[in-house]
$ cat upload17.csv   # CSV, C-alpha atoms
chain,number,residue,atom,x,y,z
A,1,MET,CA,-31.9,23.2,11.7
A,2,LEU,CA,-28.9,23.7,14.0
A,3,PHE,CA,-25.9,21.4,13.6
A,4,THR,CA,-22.9,21.0,15.9
A,5,CYS,CA,-20.3,19.5,13.6
A,6,LYS,CA,-17.8,17.0,14.9
A,7,MET,CA,-15.2,14.6,13.4
A,8,GLY,CA,-12.6,17.4,13.2
A,9,PHE,CA,-14.7,19.9,11.1
A,10,SER,CA,-14.5,23.5,12.3
A,11,CYS,CA,-18.2,24.3,11.5
A,12,ALA,CA,-19.8,24.3,14.9
A,13,ASN,CA,-23.1,26.2,15.3
A,14,TYR,CA,-23.7,26.8,11.6
A,15,LYS,CA,-27.3,27.1,10.6
A,16,PHE,CA,-28.5,24.9,7.6
A,17,SER,CA,-31.7,25.7,5.8
A,18,PHE,CA,-31.6,22.6,3.6
A,19,PRO,CA,-33.9,19.7,4.2
A,20,VAL,CA,-32.5,17.3,6.8
A,21,SER,CA,-32.1,14.5,4.2
A,22,TYR,CA,-30.1,16.8,1.8
A,23,SER,CA,-27.9,18.2,4.6
A,24,PHE,CA,-27.2,14.7,5.9
A,25,PHE,CA,-26.3,13.5,2.3
A,26,THR,CA,-24.0,16.5,1.8
A,27,LEU,CA,-22.2,15.8,5.0
A,28,LEU,CA,-21.7,12.2,4.1
A,29,VAL,CA,-20.3,13.1,0.7
A,30,SER,CA,-17.9,15.6,2.2
A,31,PHE,CA,-16.8,13.1,4.8
A,32,ALA,CA,-16.3,10.4,2.1
A,33,ILE,CA,-14.1,12.8,0.1
A,34,LEU,CA,-11.9,13.5,3.1
A,35,ASN,CA,-11.9,9.8,4.1
A,36,PRO,CA,-11.8,7.7,0.9
A,37,VAL,CA,-11.9,4.4,3.0
A,38,ILE,CA,-15.5,5.1,3.8
A,39,GLY,CA,-17.7,2.9,1.7
A,40,LEU,CA,-15.3,0.1,1.1
A,41,ARG,CA,-16.7,-3.2,2.0
A,42,SER,CA,-14.9,-5.6,4.4
A,43,CYS,CA,-12.8,-8.2,2.7
A,44,LYS,CA,-13.5,-11.9,3.0
A,45,PHE,CA,-10.1,-13.4,3.3
A,46,GLU,CA,-10.3,-17.2,3.1
A,47,ALA,CA,-6.7,-17.8,4.2
A,48,ILE,CA,-3.5,-16.2,5.4
A,49,PHE,CA,-0.1,-17.1,4.1
A,50,ASN,CA,2.7,-15.6,6.2
A,51,PHE,CA,6.4,-15.1,5.6
A,52,GLY,CA,8.9,-13.8,8.1
A,53,ASP,CA,11.1,-14.3,11.1
A,54,SER,CA,10.6,-14.9,14.8
A,55,ASN,CA,8.3,-11.9,15.0
A,56,SER,CA,5.7,-14.0,13.3
A,57,ASP,CA,7.0,-17.6,13.7
A,58,THR,CA,4.2,-19.8,15.1
A,59,GLY,CA,6.3,-23.0,15.3
A,60,GLY,CA,8.6,-23.2,12.2
A,61,LEU,CA,12.0,-23.0,13.8
A,62,PRO,CA,11.0,-25.0,16.9
A,63,SER,CA,9.7,-27.8,14.6
A,64,ALA,CA,13.0,-27.9,12.6
A,65,PHE,CA,15.5,-27.5,15.5
A,66,PHE,CA,14.8,-26.6,19.1
A,67,PRO,CA,11.5,-25.6,20.7
A,68,PRO,CA,11.5,-22.8,23.3
A,69,ASN,CA,11.3,-23.9,26.9
A,70,PRO,CA,9.0,-22.6,29.7
A,71,PRO,CA,8.2,-19.9,30.6
A,72,TYR,CA,7.6,-19.2,26.8
A,73,GLY,CA,3.9,-19.4,26.1
A,74,GLN,CA,2.8,-19.1,29.7
A,75,THR,CA,0.3,-16.2,29.3
A,76,TYR,CA,-2.1,-17.6,26.7
A,77,PHE,CA,-1.2,-21.1,25.8
A,78,HIS,CA,0.0,-22.0,29.3
A,79,MET,CA,2.9,-24.0,27.7
A,80,PRO,CA,5.5,-23.3,25.0
A,81,ALA,CA,3.6,-23.1,21.7
A,82,GLY,CA,6.3,-22.5,19.1
A,83,ARG,CA,6.2,-18.7,19.6
A,84,TYR,CA,9.1,-16.6,20.9
A,85,SER,CA,6.9,-14.8,23.4
A,86,ASP,CA,4.9,-15.4,26.6
A,87,GLY,CA,1.8,-15.6,24.4
A,88,ARG,CA,0.3,-14.6,21.1
A,89,LEU,CA,2.0,-12.7,18.3
A,90,ILE,CA,0.7,-10.0,16.0
A,91,ILE,CA,0.1,-12.6,13.3
A,92,ASP,CA,-2.2,-14.4,15.8
A,93,PHE,CA,-4.3,-11.3,16.4
A,94,ILE,CA,-4.4,-10.7,12.6
A,95,ALA,CA,-5.9,-14.2,12.1
A,96,GLN,CA,-8.3,-13.9,15.0
A,97,SER,CA,-9.6,-10.5,13.8
A,98,LEU,CA,-10.3,-12.0,10.4
A,99,ASN,CA,-12.2,-15.0,12.0
A,100,LEU,CA,-9.5,-17.4,10.9
A,101,PRO,CA,-7.7,-20.0,13.0
A,102,TYR,CA,-4.2,-19.4,14.2
A,103,LEU,CA,-1.7,-20.3,11.5
A,104,SER,CA,0.1,-23.6,11.7
A,105,ALA,CA,3.7,-23.7,10.8
A,106,TYR,CA,4.5,-25.3,7.4
A,107,LEU,CA,7.4,-27.2,9.0
A,108,ASN,CA,5.2,-28.7,11.8
A,109,SER,CA,3.9,-32.0,10.6
A,110,LEU,CA,2.1,-33.1,13.8
A,111,GLY,CA,-1.6,-32.3,14.4
A,112,THR,CA,-1.5,-29.6,11.7
A,113,SER,CA,-4.4,-28.1,9.7
A,114,PHE,CA,-3.7,-25.9,6.7
A,115,THR,CA,-7.4,-25.4,5.7
A,116,HIS,CA,-7.1,-21.6,6.0
A,117,GLY,CA,-3.5,-21.0,5.4
A,118,ALA,CA,0.1,-21.8,6.4
A,119,ASN,CA,3.0,-20.0,8.1
A,120,PHE,CA,6.4,-20.2,6.4
A,121,ALA,CA,8.1,-17.8,8.9
A,122,THR,CA,10.9,-19.1,11.0
A,123,GLY,CA,12.9,-17.5,13.7
A,124,SER,CA,16.3,-15.9,12.7
A,125,SER,CA,15.2,-15.8,9.0
A,126,THR,CA,16.7,-13.3,6.6
A,127,ILE,CA,15.7,-12.0,3.2
A,128,ARG,CA,19.0,-12.7,1.6
A,129,LEU,CA,21.0,-15.9,1.7
A,130,PRO,CA,22.6,-16.0,5.2
A,131,SER,CA,26.3,-16.3,5.7
A,132,SER,CA,26.0,-18.9,8.5
A,133,VAL,CA,23.1,-21.1,9.5
A,134,ILE,CA,21.8,-23.1,12.5
A,135,PRO,CA,23.1,-25.3,14.0
A,136,SER,CA,26.7,-24.1,13.4
A,137,GLY,CA,25.7,-20.5,12.8
A,138,SER,CA,23.0,-18.1,14.0
A,139,ASP,CA,20.7,-17.7,11.1
A,140,SER,CA,17.8,-19.8,9.9
A,141,PRO,CA,18.4,-21.9,6.7
A,142,PHE,CA,14.8,-21.0,5.7
A,143,PHE,CA,15.5,-17.5,4.3
A,144,LEU,CA,12.9,-15.8,2.2
A,145,ASP,CA,13.8,-17.6,-1.1
A,146,ILE,CA,13.3,-20.9,0.7
A,147,GLN,CA,10.1,-19.8,2.3
A,148,PHE,CA,8.8,-19.0,-1.2
A,149,ARG,CA,9.8,-22.4,-2.5
A,150,GLN,CA,8.1,-24.0,0.4
A,151,PHE,CA,4.9,-22.0,-0.5
A,152,LEU,CA,5.2,-23.1,-4.1
A,153,ASN,CA,5.5,-26.7,-3.1
A,154,PHE,CA,2.7,-26.3,-0.6
A,155,LYS,CA,0.4,-24.8,-3.2
A,156,ASN,CA,1.0,-27.6,-5.7
A,157,ARG,CA,1.0,-30.6,-3.3
A,158,SER,CA,-2.0,-29.4,-1.3
A,159,GLN,CA,-4.2,-29.5,-4.4
A,160,ILE,CA,-3.0,-33.0,-5.3
A,161,ILE,CA,-3.9,-34.1,-1.8
A,162,ARG,CA,-7.4,-32.5,-2.1
A,163,LYS,CA,-8.0,-34.2,-5.5
A,164,ASN,CA,-6.9,-37.6,-4.1
A,165,GLY,CA,-9.4,-37.3,-1.2
A,166,GLY,CA,-9.1,-39.2,2.0
A,167,ILE,CA,-8.6,-38.0,5.5
A,168,PHE,CA,-6.0,-35.4,4.7
A,169,ALA,CA,-8.0,-33.6,1.9
A,170,LYS,CA,-10.0,-31.5,4.4
A,171,LEU,CA,-6.8,-30.3,6.0
A,172,MET,CA,-5.7,-28.5,2.8
A,173,PRO,CA,-7.0,-25.1,1.5
A,174,LYS,CA,-9.3,-25.0,-1.5
A,175,GLU,CA,-7.7,-23.9,-4.8
A,176,GLU,CA,-9.6,-20.7,-4.9
A,177,TYR,CA,-8.3,-19.7,-1.4
A,178,PHE,CA,-4.9,-18.8,-2.8
A,179,GLY,CA,-6.4,-15.9,-4.8
A,180,LYS,CA,-8.6,-14.9,-1.9
A,181,ALA,CA,-5.9,-15.0,0.8
A,182,LEU,CA,-4.0,-12.3,2.7
A,183,TYR,CA,-0.3,-12.6,2.2
A,184,THR,CA,1.5,-11.1,5.2
A,185,PHE,CA,5.2,-10.3,5.5
A,186,ASP,CA,7.4,-9.4,8.5
A,187,ILE,CA,11.0,-9.9,7.6
A,188,GLY,CA,14.2,-7.9,7.2
A,189,GLN,CA,15.2,-7.3,10.8
A,190,ASN,CA,17.8,-10.1,10.8
A,191,ASP,CA,19.4,-8.8,7.6
A,192,LEU,CA,20.1,-5.5,9.3
A,193,GLN,CA,21.1,-6.7,12.8
A,194,GLY,CA,23.3,-9.4,11.3
A,195,GLY,CA,25.5,-6.8,9.7
A,196,LEU,CA,25.5,-4.6,12.8
A,197,LEU,CA,26.4,-7.5,15.0
A,198,HIS,CA,29.3,-8.5,12.7
A,199,ASN,CA,30.9,-5.1,13.0
A,200,MET,CA,29.8,-3.7,9.7
A,201,SER,CA,29.6,0.1,9.8
A,202,PHE,CA,26.2,1.9,9.7
A,203,GLU,CA,27.0,3.0,6.1
A,204,GLU,CA,28.0,-0.5,5.0
A,205,VAL,CA,24.7,-1.9,6.3
A,206,LYS,CA,22.8,0.9,4.5
A,207,ALA,CA,24.7,0.1,1.3
A,208,SER,CA,23.3,-3.5,1.5
A,209,VAL,CA,19.7,-2.4,1.6
A,210,PRO,CA,19.1,-2.2,-2.2
A,211,ASP,CA,20.2,-5.8,-2.7
A,212,ILE,CA,18.1,-6.9,0.3
A,213,LEU,CA,15.0,-5.2,-1.1
A,214,ASN,CA,15.6,-6.5,-4.6
A,215,ARG,CA,15.4,-10.1,-3.2
A,216,PHE,CA,12.3,-9.1,-1.2
A,217,SER,CA,10.6,-7.6,-4.3
A,218,LEU,CA,11.4,-10.7,-6.4
A,219,ASN,CA,9.6,-13.0,-4.0
A,220,ILE,CA,6.6,-10.7,-3.8
A,221,LYS,CA,6.5,-10.7,-7.6
A,222,ASN,CA,6.7,-14.4,-7.8
A,223,ILE,CA,3.7,-14.8,-5.4
A,224,THR,CA,1.7,-12.2,-7.4
A,225,LYS,CA,2.4,-14.2,-10.6
A,226,LEU,CA,0.9,-17.2,-8.8
A,227,GLY,CA,-2.3,-15.4,-8.1
A,228,GLY,CA,-1.7,-13.5,-4.9
A,229,ARG,CA,-3.6,-10.3,-4.8
A,230,SER,CA,-3.7,-8.9,-1.2
A,231,PHE,CA,-0.4,-8.1,0.5
A,232,TRP,CA,0.1,-6.7,4.1
A,233,ILE,CA,3.7,-5.8,4.5
A,234,HIS,CA,5.3,-4.8,7.9
A,235,ASN,CA,8.4,-2.7,8.0
A,236,THR,CA,11.0,-3.3,10.6
A,237,GLY,CA,10.7,-2.3,14.2
A,238,PRO,CA,13.2,-0.1,16.3
A,239,ILE,CA,16.0,-2.6,17.0
A,240,GLY,CA,17.9,0.1,18.8
A,241,CYS,CA,15.3,-0.1,21.6
A,242,LEU,CA,15.8,-3.9,22.2
A,243,PRO,CA,17.5,-4.8,25.5
A,244,TYR,CA,19.7,-7.2,23.5
A,245,PHE,CA,21.2,-4.4,21.5
A,246,LEU,CA,21.4,-2.0,24.4
A,247,THR,CA,23.3,-4.6,26.4
A,248,ASN,CA,25.7,-5.5,23.6
A,249,PHE,CA,26.4,-1.9,22.6
A,250,PRO,CA,26.6,0.0,25.9
A,251,LEU,CA,28.6,2.9,24.4
A,252,ALA,CA,26.2,3.5,21.5
A,253,GLU,CA,24.7,7.0,21.5
A,254,ARG,CA,21.2,7.1,23.0
A,255,ASP,CA,18.2,9.1,22.0
A,256,THR,CA,15.9,10.8,24.4
A,257,THR,CA,14.0,7.5,24.9
A,258,GLY,CA,17.2,5.7,25.8
A,259,CYS,CA,17.3,3.7,22.5
A,260,ALA,CA,20.5,3.3,20.4
A,261,LYS,CA,20.1,6.2,18.1
A,262,HIS,CA,22.2,5.2,15.1
A,263,PHE,CA,20.9,1.6,15.0
A,264,ASN,CA,17.4,3.0,14.7
A,265,GLU,CA,18.5,5.3,11.9
A,266,VAL,CA,19.7,2.3,9.9
A,267,VAL,CA,16.3,0.7,10.4
A,268,GLN,CA,14.5,3.9,9.3
A,269,HIS,CA,16.6,4.0,6.2
A,270,PHE,CA,15.6,0.4,5.4
A,271,ASN,CA,12.0,1.2,6.0
A,272,PHE,CA,12.1,4.3,3.8
A,273,LYS,CA,13.5,2.2,0.9
A,274,LEU,CA,11.0,-0.6,1.6
A,275,LYS,CA,8.1,1.9,1.3
A,276,GLU,CA,9.5,2.9,-2.1
A,277,THR,CA,9.7,-0.7,-3.1
A,278,VAL,CA,6.1,-1.3,-2.2
A,279,SER,CA,5.1,1.7,-4.2
A,280,GLN,CA,6.9,0.3,-7.2
A,281,LEU,CA,5.1,-3.0,-6.7
A,282,ARG,CA,1.8,-1.2,-6.9
A,283,ARG,CA,2.8,0.3,-10.3
A,284,ASP,CA,4.0,-3.1,-11.5
A,285,PHE,CA,0.9,-5.0,-10.5
A,286,PRO,CA,-2.1,-2.6,-10.6
A,287,SER,CA,-4.6,-5.4,-10.1
A,288,ALA,CA,-3.1,-6.3,-6.7
A,289,SER,CA,-3.3,-4.4,-3.4
A,290,PHE,CA,-0.2,-3.7,-1.3
A,291,THR,CA,-0.5,-2.3,2.2
A,292,TYR,CA,2.7,-1.0,3.7
A,293,VAL,CA,2.4,-1.1,7.5
A,294,ASP,CA,4.6,1.2,9.7
A,295,ILE,CA,5.3,-1.2,12.6
A,296,TYR,CA,8.3,0.9,13.5
A,297,SER,CA,6.2,4.0,14.4
A,298,ALA,CA,3.6,1.9,16.3
A,299,LYS,CA,6.3,0.1,18.4
A,300,TYR,CA,8.4,3.2,19.0
A,301,SER,CA,5.4,5.2,20.1
A,302,LEU,CA,4.6,2.4,22.6
A,303,ILE,CA,8.2,2.4,23.9
A,304,SER,CA,8.7,6.1,24.1
A,305,GLN,CA,5.3,6.8,25.7
A,306,ALA,CA,5.0,3.6,27.7
A,307,GLN,CA,3.5,5.2,30.8
A,308,LYS,CA,0.9,7.0,28.8
A,309,TYR,CA,-0.4,3.7,27.5
A,310,GLY,CA,-0.2,1.9,30.8
A,311,PHE,CA,3.1,0.1,30.4
A,312,GLU,CA,6.4,0.3,32.3
A,313,LEU,CA,10.1,-0.4,32.0
A,314,PRO,CA,10.0,-0.4,28.2
A,315,LEU,CA,13.7,-1.1,27.7
A,316,VAL,CA,14.0,-3.9,30.3
A,317,ALA,CA,13.4,-7.5,29.4
A,318,CYS,CA,10.8,-9.4,31.5
A,319,CYS,CA,12.5,-12.8,31.2
A,320,GLY,CA,16.3,-12.7,31.5
A,321,TYR,CA,19.1,-12.0,33.9
A,322,GLY,CA,21.6,-9.4,34.7
A,323,GLY,CA,22.4,-5.7,34.3
A,324,LYS,CA,20.4,-2.6,33.6
A,325,TYR,CA,18.3,-4.2,31.0
A,326,ASN,CA,17.8,-7.7,32.6
A,327,ASN,CA,19.5,-9.2,29.7
A,328,SER,CA,22.7,-11.2,29.1
A,329,ASN,CA,24.2,-13.3,26.3
A,330,THR,CA,25.0,-16.1,28.7
A,331,ALA,CA,21.8,-16.2,30.7
A,332,ARG,CA,18.8,-16.3,28.4
A,333,CYS,CA,15.1,-16.8,29.0
A,334,GLY,CA,14.2,-20.5,29.3
A,335,SER,CA,17.8,-21.7,29.4
A,336,PRO,CA,20.2,-22.9,32.0
A,337,ALA,CA,23.0,-20.5,33.0
A,338,ILE,CA,26.0,-20.4,35.4
A,339,ILE,CA,25.5,-17.7,37.9
A,340,ASN,CA,27.9,-17.3,40.9
A,341,GLY,CA,29.3,-20.7,40.2
A,342,SER,CA,26.0,-22.5,40.2
A,343,GLN,CA,23.8,-23.6,37.4
A,344,VAL,CA,20.3,-22.1,37.4
A,345,LEU,CA,17.4,-22.1,35.0
A,346,ILE,CA,16.3,-18.7,33.8
A,347,ASN,CA,12.5,-19.3,34.1
A,348,GLN,CA,11.1,-16.7,36.4
A,349,PRO,CA,9.7,-13.8,34.4
A,350,CYS,CA,8.5,-10.5,35.8
A,351,ASP,CA,5.3,-10.5,37.9
A,352,ASN,CA,3.0,-8.3,35.8
A,353,LEU,CA,3.3,-9.2,32.2
A,354,SER,CA,0.3,-7.2,31.2
A,355,VAL,CA,2.3,-3.9,31.7
A,356,ARG,CA,5.6,-5.0,30.2
A,357,ILE,CA,6.7,-4.5,26.6
A,358,ASN,CA,9.8,-6.6,26.1
A,359,TRP,CA,9.7,-10.3,26.8
A,360,ASP,CA,13.2,-11.8,26.4
A,361,GLY,CA,15.5,-9.0,25.2
A,362,VAL,CA,14.5,-9.4,21.5
A,363,HIS,CA,10.8,-10.3,21.3
A,364,TYR,CA,7.7,-8.6,22.6
A,365,THR,CA,5.2,-9.7,25.2
A,366,GLU,CA,1.6,-10.7,24.2
A,367,ALA,CA,0.4,-7.4,25.8
A,368,ALA,CA,2.7,-5.4,23.6
A,369,ASN,CA,1.8,-7.4,20.5
A,370,GLN,CA,-1.9,-6.9,21.1
A,371,PHE,CA,-1.3,-3.1,21.7
A,372,VAL,CA,0.6,-2.8,18.4
A,373,PHE,CA,-2.0,-4.9,16.5
A,374,ASP,CA,-4.8,-2.7,17.8
A,375,GLN,CA,-2.9,0.3,16.4
A,376,ILE,CA,-2.0,-1.0,13.0
A,377,SER,CA,-5.3,-2.8,12.3
A,378,THR,CA,-7.2,0.5,12.0
A,379,GLY,CA,-5.1,1.7,9.1
A,380,ALA,CA,-3.7,4.6,11.1
A,381,PHE,CA,-0.1,3.3,10.4
A,382,SER,CA,-0.7,2.1,6.9
A,383,ASP,CA,-0.1,3.3,3.4
A,384,PRO,CA,-2.7,3.5,1.9
A,385,PRO,CA,-4.6,4.1,5.2
A,386,VAL,CA,-6.9,1.2,4.9
A,387,PRO,CA,-7.8,-1.0,7.9
A,388,LEU,CA,-6.8,-4.6,7.9
A,389,ASN,CA,-10.3,-5.9,7.0
A,390,GLN,CA,-10.3,-3.8,3.9
A,391,ALA,CA,-6.7,-4.6,2.7
A,392,CYS,CA,-8.0,-6.5,-0.4
A,393,HIS,CA,-9.0,-3.2,-2.1
A,394,ARG,CA,-6.7,-1.5,-4.6
A,395,THR,CA,-7.0,2.1,-3.4
A,396,THR,CA,-5.2,5.3,-4.5
A,397,PHE,CA,-5.0,8.3,-2.1
$ encode --input "upload17.csv" --output "structure tokens"
Amino acid sequence: MLFTCKMGFSCANYKFSFPVSYSFFTLLVSFAILNPVIGLRSCKFEAIFNFGDSNSDTGGLPSAFFPPNPPYGQTYFHMPAGRYSDGRLIIDFIAQSLNLPYLSAYLNSLGTSFTHGANFATGSSTIRLPSSVIPSGSDSPFFLDIQFRQFLNFKNRSQIIRKNGGIFAKLMPKEEYFGKALYTFDIGQNDLQGGLLHNMSFEEVKASVPDILNRFSLNIKNITKLGGRSFWIHNTGPIGCLPYFLTNFPLAERDTTGCAKHFNEVVQHFNFKLKETVSQLRRDFPSASFTYVDIYSAKYSLISQAQKYGFELPLVACCGYGGKYNNSNTARCGSPAIINGSQVLINQPCDNLSVRINWDGVHYTEAANQFVFDQISTGAFSDPPVPLNQACHRTTF
């Protein structure tokens, strides 16, 4: 029988004299050895518990302080929906792909269901204790330690509510869901950019990384001790490519893509150390699964090869005003601003959102979020290289 081998094998036009069944079995075994993910069953995640900052906030900071104004939310929800984007975030696509509802923010008490998880992320959150907090400062008071304490309180009180019965019982997750949940993390960006925006040197920010990651690791360990077993951990994206940074640091050295080179190098250092931290967590908790997701590479690939993927103007904000990057500290998306002596509302985004990457100078459009999700959900940017729907498995490659 004549086979033309595919899937990357260089064995075209080899003749096989084995019976077809034996040959096919041999091929499958060989492919499984080269691709250990083959044969893993899909996971049945009953809930998602998310921790993070504005990259995955579905209404936390807006519930506590100030909701975003139109045109936020216009693409999918057709109104502001607690997300700092024109539409859905990566965490929304994660939930959707696992056949779970979009996550409600823990801090949102109105019309909220937590049956299949809760979102503890809030915009401007840090891992470490922030130096100044909203409303007098710029950081969220709900840093990662507080998000964990909220989770602990939620875990205990939700089960009391379920046992008491009544109309609220069905809005709470079942006790067994906490062990069958996916725990997702997207946090750390504000720790880095906070130092950079407060005139710390690149080396000083790098020197702070061990302490940042010690705090991160401690919270992961605490969740593991409470029964968490499946962790999906995003690293930090290329902040040097954000219009906000490019506007505020016009003299920063650019790379070939036009991003602020040294700012991204700080992020890459953080991500390298985060990956080491996740590896240590695997050793400390061999019964749990930890997937490290390289968001940085997925986002940088999109930005640096925007035209290839059908996008345009990757370094220019869609909703904003002024300058090369359509971004200004005094004229922000959804807010009033004084321009040429008159007050105007910055509420007219670009025309074709489906081909734009950056939404408001800091956050991504729904189109970009969906693109990045499609890349990372396959496992192509993960360590170990397991797809999202198999992230419950403890694998060694």
$ closest_residue --input "upload17.csv" --among "A:Asn389, A:Leu315, A:His262, A:Phe65" --to "Leu98 in chain A" --atoms "all atoms listed in the file"
A:Asn389
$ residues_around --input "upload17.csv" --residues "Pro101 in chain A" --least-positions-apart "4" --cutoff "8 Å" --atoms "only C-alpha atoms" --output "PyMOL selection string"
chain A and resi 95-96+116
$ residues_around --input "upload17.csv" --residues "Ser279 in chain A" --least-positions-apart "2" --cutoff "12 Å" --atoms "only C-alpha atoms" --output "JSON list (two decimals) with C-alpha atoms, in the coordinates of the input"
[["chain", "number", "residue", "atom", "x", "y", "z"],
["A", 217, "SER", "CA", 10.60, -7.60, -4.30],
["A", 233, "ILE", "CA", 3.70, -5.80, 4.50],
["A", 272, "PHE", "CA", 12.10, 4.30, 3.80],
["A", 273, "LYS", "CA", 13.50, 2.20, 0.90],
["A", 274, "LEU", "CA", 11.00, -0.60, 1.60],
["A", 275, "LYS", "CA", 8.10, 1.90, 1.30],
["A", 276, "GLU", "CA", 9.50, 2.90, -2.10],
["A", 277, "THR", "CA", 9.70, -0.70, -3.10],
["A", 281, "LEU", "CA", 5.10, -3.00, -6.70],
["A", 282, "ARG", "CA", 1.80, -1.20, -6.90],
["A", 283, "ARG", "CA", 2.80, 0.30, -10.30],
["A", 284, "ASP", "CA", 4.00, -3.10, -11.50],
["A", 285, "PHE", "CA", 0.90, -5.00, -10.50],
["A", 286, "PRO", "CA", -2.10, -2.60, -10.60],
["A", 288, "ALA", "CA", -3.10, -6.30, -6.70],
["A", 289, "SER", "CA", -3.30, -4.40, -3.40],
["A", 290, "PHE", "CA", -0.20, -3.70, -1.30],
["A", 291, "THR", "CA", -0.50, -2.30, 2.20],
["A", 292, "TYR", "CA", 2.70, -1.00, 3.70],
["A", 383, "ASP", "CA", -0.10, 3.30, 3.40],
["A", 384, "PRO", "CA", -2.70, 3.50, 1.90],
["A", 396, "THR", "CA", -5.20, 5.30, -4.50]]
$ closest_residue --input "upload17.csv" --among "A:Ala169, A:Leu144, A:Ala368, A:Ile161" --to "Ile223 in chain A" --atoms "only C-alpha atoms"
A:Leu144
$ residues_around --input "upload17.csv" --residues "range 337-347 of chain A" --least-positions-apart "5" --cutoff "12 Å" --atoms "all atoms listed in the file" --output "list in words"
Pro68, Asn69, Pro70, Pro71, Tyr72, Gly73, Gln74, Asp86, Cys318, Cys319, Gly320, Tyr321, Gly322, Asn326, Asn327, Ser328, Asn329, Thr330, Ala331, Arg332, Trp359 and Asp360 of chain A
$ residues_near_point --input "upload17.csv" --point "(-14.4, -15.6, 3.1)" --cutoff "10 Å" --atoms "only C-alpha atoms" --output "ChimeraX atom specification"
/A:43-47,98-100,116,177,180-181
$ atom_distance --input "upload17.csv" --atom1 "CA of Phe373 in chain A" --atom2 "CA of Ser42 in chain A"
17.7 Å
$ closest_residue --input "upload17.csv" --among "A:Lys206, A:His269, A:Lys299, A:Arg215" --to "Arg128 in chain A" --atoms "all atoms listed in the file"
A:Arg215
$ closest_residue --input "upload17.csv" --among "A:Phe263, A:Phe178, A:Phe143, A:Phe154" --to "Asp53 in chain A" --atoms "all atoms listed in the file"
A:Phe143
$ closest_residue --input "upload17.csv" --among "A:Gly60, A:Pro210, A:Pro314, A:Gly195" --to "Gln147 in chain A" --atoms "only C-alpha atoms"
A:Gly60
